[in-house]
Amino acid sequence: AMPDVRSMTATSCCDVTGDMKLTANVDFVNIEYDVPKCAEGTPPENCTHVATAVQPLDDMGAPESWVDLTYAVGHAHTGAILLELYDNVTGQLLCSSAPSYGNTSNAGDEYGYLVGIEPCVWSALDGKPPPRLQRKHPIRSVVVYNNTEEIIGVMGLWIMAASEVPTE
């Protein structure tokens, strides 16, 4: 038997600049930020910059309502090493994605450029039931960048979709 089909909607979460403050009363609203160069003398393999933030999964609906997280893909720029998404209550890793970089001069595989980020997809049909969370549930997003050099205007955010859990 086919399970019920439910529509998916985008969630409002998550961006690693999402809980930054410009001042005590003004939220940081720019999703781009700069990665500083690591300290002189640091071995290149230790030059990493980590940005993280905790935000509710979705503030676009009733906070108490439940959703199934069905899709998540990170968005980052060249220099990114890893993107992770956690349940901030349990510490459970929900999604981990290492960007892939090009190795040739062919279109779509340009050497040294970020050319792909694998999504996380959940479906009961393939034996990976989606995480069921309330919209207000705190989610922690993490992005790790190589910072052997300063990088201007990077991002660390997630594009996600969830489906409303029917009430009975």
# chains A, B, ... in the order shown; residues from 1 in each chain; ligands from 1

$ select_by_dssp --residues "chain A" --states "strand (DSSP E)" --output "short mmCIF file (atom, residue, chain, number, x, y, z; two decimals) with C-alpha atoms, in the first residue's frame"
data_model
loop_
_atom_site.label_atom_id
_atom_site.label_comp_id
_atom_site.auth_asym_id
_atom_site.auth_seq_id
_atom_site.Cartn_x
_atom_site.Cartn_y
_atom_site.Cartn_z
CA THR A 9 7.26 23.29 2.28
CA ALA A 10 10.55 25.05 2.81
CA LYS A 21 24.16 40.28 16.83
CA LEU A 22 25.31 43.58 15.38
CA THR A 23 24.54 45.23 18.70
CA VAL A 26 19.96 44.39 16.50
CA ASP A 27 20.08 40.96 14.89
CA TYR A 33 30.30 36.63 6.47
CA ASP A 34 34.10 36.70 6.24
CA VAL A 35 36.46 33.91 7.26
CA THR A 48 39.95 25.65 10.00
CA HIS A 49 37.28 28.17 10.86
CA VAL A 50 34.04 26.92 12.41
CA ALA A 51 30.81 28.91 12.42
CA THR A 52 27.70 27.64 14.20
CA ALA A 53 24.24 28.84 15.19
CA VAL A 54 21.13 27.46 16.87
CA GLN A 55 17.72 28.35 15.49
CA PRO A 56 14.20 26.89 15.51
CA TRP A 66 5.01 18.68 14.13
CA VAL A 67 6.77 18.19 10.80
CA ASP A 68 8.83 15.49 9.17
CA LEU A 69 12.16 16.80 7.86
CA THR A 70 12.40 15.29 4.38
CA TYR A 71 15.27 17.11 2.66
CA ALA A 72 18.32 19.16 3.63
CA VAL A 73 21.22 20.42 1.56
CA GLY A 74 23.92 22.80 2.68
CA HIS A 75 24.90 25.92 0.78
CA ALA A 76 28.50 27.10 1.08
CA ALA A 80 34.12 24.92 2.73
CA ILE A 81 35.21 21.59 4.17
CA LEU A 82 32.11 20.31 5.95
CA LEU A 83 28.49 21.18 6.70
CA GLU A 84 26.59 19.56 9.58
CA LEU A 85 23.08 19.80 10.97
CA TYR A 86 22.28 18.67 14.54
CA ASP A 87 19.29 18.22 16.79
CA LEU A 93 23.72 14.42 13.85
CA LEU A 94 20.88 14.81 11.34
CA CYS A 95 22.90 15.53 8.21
CA SER A 96 26.56 15.73 7.29
CA SER A 97 27.83 16.79 3.91
CA SER A 100 33.12 18.12 -3.57
CA TYR A 101 35.66 20.08 -5.59
CA LEU A 114 33.21 23.78 -5.16
CA VAL A 115 31.10 21.81 -7.65
CA GLY A 116 28.68 19.86 -5.48
CA CYS A 120 20.32 14.40 2.89
CA VAL A 121 16.98 12.89 1.91
CA ARG A 132 9.95 14.21 13.29
CA LEU A 133 10.32 17.54 15.07
CA GLN A 134 8.20 20.43 16.27
CA PRO A 138 16.22 24.01 18.10
CA ILE A 139 18.53 22.97 15.27
CA ARG A 140 22.28 23.62 15.27
CA SER A 141 23.98 24.29 11.97
CA VAL A 142 27.75 24.09 11.58
CA VAL A 143 30.02 24.97 8.68
CA VAL A 144 33.78 24.44 8.58
CA TYR A 145 36.00 26.39 6.20
CA ASN A 146 39.67 26.06 5.36
CA ILE A 151 37.88 34.39 2.45
CA ILE A 152 35.44 37.27 1.91
CA GLY A 153 31.68 36.76 1.59
CA VAL A 154 31.12 33.09 2.39
CA GLY A 156 26.91 28.50 5.65
CA LEU A 157 23.23 27.81 5.38
CA TRP A 158 20.76 25.00 4.80
CA ILE A 159 17.95 24.66 2.30
CA MET A 160 15.41 22.29 3.80
CA ALA A 161 11.93 20.95 3.21
CA ALA A 162 9.49 19.42 5.68
CA SER A 163 5.99 18.01 5.54
CA GLU A 164 3.31 18.75 8.11
#

$ residues_around --residues "Ile31 (chain A)" --least-positions-apart "3" --cutoff "8 Å" --atoms "only C-alpha atoms" --output "VMD selection string"
chain A and resid 15 to 18 155 to 157

$ atom_distance --atom1 "CA of Ala98 (chain A)" --atom2 "CA of Lys136 (chain A)"
27.1 Å

$ atom_distance --atom1 "CA of Pro43 (chain A)" --atom2 "CA of His77 (chain A)"
22.4 Å
